[in-house]
Amino acid sequence: MALAATVLSVTAPAGASTNAAARAVIPAQAAAPAAAAAYGARARLTLRAMPVGRVAFRRDRHHHLMVRASLFGLTPGSSHAVDLRVPGRSRVIRFSPLTANSGGQAYSTLSSNFTGRWRPGSRLLIRMGVGGRRVAREPIAQTRRLLRPGRRSHRLISVEVTRKGVSYGTPHGGATVVYSGSRHTLTVTVHARGVAPGRHAAHIHVGSCMSQGPVLYMLRDLIANRRGVIVHAVRVFTGVTTPIPARGWYLNIHQGNSGDILSNGQPTIFFRPSLCANIHP
């Protein structure tokens, strides 16, 4: 997977969050003047499962089934297999791969060789990657079972599946981000459910969940227990002199951990966002 250099540029160290002084250089356009003067601020966040989007079906002039996909919250520069699972038979209708841009967005029309009739109860799946590896084949989003394609759009439902194929449903959760101007601290508290057990990398970025950008603060990995729950995880950055801006920051929780989301400076298949929220004080 290729990724634009701006997405991977890190502007704050990844040391222990409870005692490390994490300073960040924020582009001028990311901070609103009113927020920059704030002495303290609190943001309450609803963490939303990624990716988010919709798909719609149509036929080309040769009657091949096609799907128009519009979604965000993918790994920037990643590619994903897309197929339609047909009930009651082993056949899978495969579409051309879906590719995300440098902001993690994908807006594409995908083609297939299928010219037959639609079978009610089929479900479209977007896979974690491409190729035959088990991890790549795991779904990250799917539609509900569809009665007919029509021309209307269908919502994608994000799903969390472990590397061993165990499904934890759709992740959800919340967070608070609190800035103290008197103490020069930034405190992040996270709780979530439906997350694959184990460690998960988490960052505050510049940008938004819809258009991802560079890392601003690197949190110590969050831990989901064996039930897929992150329980009131608290991370504190000290020496922070920049308050929360009115817009331009977001909190991103990755599917993988800090040790496996990158390889040689490039994102791996585990980099993909699992939960995300734009930060507004």
# chains A, B, ... in the order shown; residues from 1 in each chain; ligands from 1
>>> select_by_dssp(residues="range 34-143 of chain A", states="helix (DSSP H, G or I)", output="list in words")
Ala34, Ala35, Ala36, Arg134, Val135, Ala136 and Arg137 of chain A
>>> write_last_selection(atoms="C-alpha atoms", output="tab-separated table (two decimals), in the first residue's frame")
chain	number	residue	atom	x	y	z
A	34	ALA	CA	-10.91	32.03	18.86
A	35	ALA	CA	-9.82	28.60	20.10
A	36	ALA	CA	-6.14	29.57	20.12
A	134	ARG	CA	-6.53	-14.76	5.49
A	135	VAL	CA	-6.18	-11.29	6.99
A	136	ALA	CA	-6.74	-9.65	3.61
A	137	ARG	CA	-9.94	-11.64	3.11
>>> residues_around(residues="Leu65 in chain A", least_positions_apart="3", cutoff="12 Å", atoms="only C-alpha atoms", output="VMD selection string")
chain A and resid 56 to 62 68 83 to 84 93 to 96 109 to 118 149 to 151
>>> write_last_selection(atoms="N, CA and C atoms", output="compact mmCIF listing (two decimals), in the first residue's frame")
# COMPACT_ATOMS: atom_id res chain seq x y z
N ALA A 56 -24.07 1.75 -4.57
CA ALA A 56 -25.25 1.67 -5.44
C ALA A 56 -24.90 0.80 -6.64
N PHE A 57 -25.87 0.05 -7.13
CA PHE A 57 -25.64 -0.88 -8.23
C PHE A 57 -26.24 -0.36 -9.53
N ARG A 58 -25.62 -0.76 -10.64
CA ARG A 58 -26.16 -0.47 -11.97
C ARG A 58 -25.59 -1.47 -12.95
N ARG A 59 -26.04 -1.40 -14.19
CA ARG A 59 -25.54 -2.27 -15.26
C ARG A 59 -24.88 -1.41 -16.34
N ASP A 60 -23.81 -1.96 -16.96
CA ASP A 60 -23.23 -1.25 -18.10
C ASP A 60 -23.98 -1.64 -19.37
N ARG A 61 -23.53 -1.15 -20.50
CA ARG A 61 -24.27 -1.39 -21.76
C ARG A 61 -24.25 -2.85 -22.19
N HIS A 62 -23.35 -3.64 -21.60
CA HIS A 62 -23.31 -5.08 -21.88
C HIS A 62 -24.00 -5.87 -20.77
N ARG A 68 -21.19 1.36 -7.62
CA ARG A 68 -20.60 2.66 -7.35
C ARG A 68 -20.38 2.77 -5.85
N ASP A 83 -16.63 -8.02 -3.13
CA ASP A 83 -17.41 -9.08 -3.77
C ASP A 83 -18.82 -9.15 -3.22
N LEU A 84 -19.67 -9.82 -3.96
CA LEU A 84 -21.07 -10.01 -3.60
C LEU A 84 -21.27 -11.47 -3.25
N ILE A 93 -19.57 -13.17 -6.56
CA ILE A 93 -19.42 -12.25 -7.69
C ILE A 93 -18.35 -11.24 -7.31
N ARG A 94 -17.24 -11.25 -8.04
CA ARG A 94 -16.11 -10.40 -7.70
C ARG A 94 -16.11 -9.13 -8.56
N PHE A 95 -15.77 -8.03 -7.90
CA PHE A 95 -15.66 -6.74 -8.57
C PHE A 95 -14.19 -6.33 -8.65
N SER A 96 -13.90 -5.35 -9.46
CA SER A 96 -12.55 -4.80 -9.51
C SER A 96 -12.20 -4.18 -8.16
N THR A 109 -16.33 3.53 -9.45
CA THR A 109 -17.27 2.57 -10.02
C THR A 109 -16.51 1.29 -10.31
N LEU A 110 -16.94 0.18 -9.70
CA LEU A 110 -16.25 -1.09 -9.80
C LEU A 110 -17.01 -2.00 -10.76
N SER A 111 -16.28 -2.74 -11.57
CA SER A 111 -16.90 -3.59 -12.59
C SER A 111 -16.83 -5.06 -12.22
N SER A 112 -17.70 -5.86 -12.87
CA SER A 112 -17.68 -7.31 -12.72
C SER A 112 -18.01 -7.94 -14.06
N ASN A 113 -17.87 -9.26 -14.14
CA ASN A 113 -18.24 -9.99 -15.36
C ASN A 113 -19.62 -10.61 -15.25
N PHE A 114 -20.34 -10.31 -14.17
CA PHE A 114 -21.62 -10.95 -13.91
C PHE A 114 -22.74 -10.28 -14.71
N THR A 115 -23.48 -11.08 -15.45
CA THR A 115 -24.60 -10.56 -16.25
C THR A 115 -25.93 -11.21 -15.86
N GLY A 116 -25.92 -12.09 -14.85
CA GLY A 116 -27.13 -12.80 -14.47
C GLY A 116 -28.12 -11.94 -13.70
N ARG A 117 -29.19 -12.58 -13.24
CA ARG A 117 -30.22 -11.90 -12.46
C ARG A 117 -29.80 -11.80 -11.00
N TRP A 118 -30.27 -10.75 -10.37
CA TRP A 118 -29.99 -10.52 -8.95
C TRP A 118 -30.69 -11.56 -8.09
N PRO A 149 -31.19 -4.93 -6.26
CA PRO A 149 -30.19 -3.86 -6.37
C PRO A 149 -30.81 -2.49 -6.57
N GLY A 150 -31.74 -2.38 -7.54
CA GLY A 150 -32.33 -1.08 -7.83
C GLY A 150 -31.26 -0.06 -8.18
N ARG A 151 -31.62 1.22 -8.07
CA ARG A 151 -30.65 2.28 -8.30
C ARG A 151 -30.43 3.12 -7.05
>>> residues_around(residues="Val231 in chain A", least_positions_apart="2", cutoff="8 Å", atoms="only C-alpha atoms", output="list in words")
Val190, His191, Ala192, Ala224, Val229 and Ala233 of chain A
>>> residues_around(residues="Asn278 in chain A", least_positions_apart="4", cutoff="8 Å", atoms="only C-alpha atoms", output="list in words")
Leu45, Ser208, Cys209, Arg247, Gly248, Trp249, Tyr250 and Leu251 of chain A
>>> write_last_selection(atoms="C-alpha atoms", output="CSV table (one decimal), in the first residue's frame")
chain,number,residue,atom,x,y,z
A,45,LEU,CA,-16.5,12.7,21.3
A,208,SER,CA,-10.6,14.9,9.8
A,209,CYS,CA,-12.0,11.4,9.8
A,247,ARG,CA,-11.7,22.3,14.0
A,248,GLY,CA,-8.8,20.5,12.3
A,249,TRP,CA,-8.0,17.7,14.8
A,250,TYR,CA,-9.4,14.1,15.0
A,251,LEU,CA,-8.9,11.0,17.1
>>> closest_residue(among="A:Leu146, A:Ala106, A:Val234, A:Val130", to="Ala69 in chain A", atoms="only C-alpha atoms")
A:Ala106
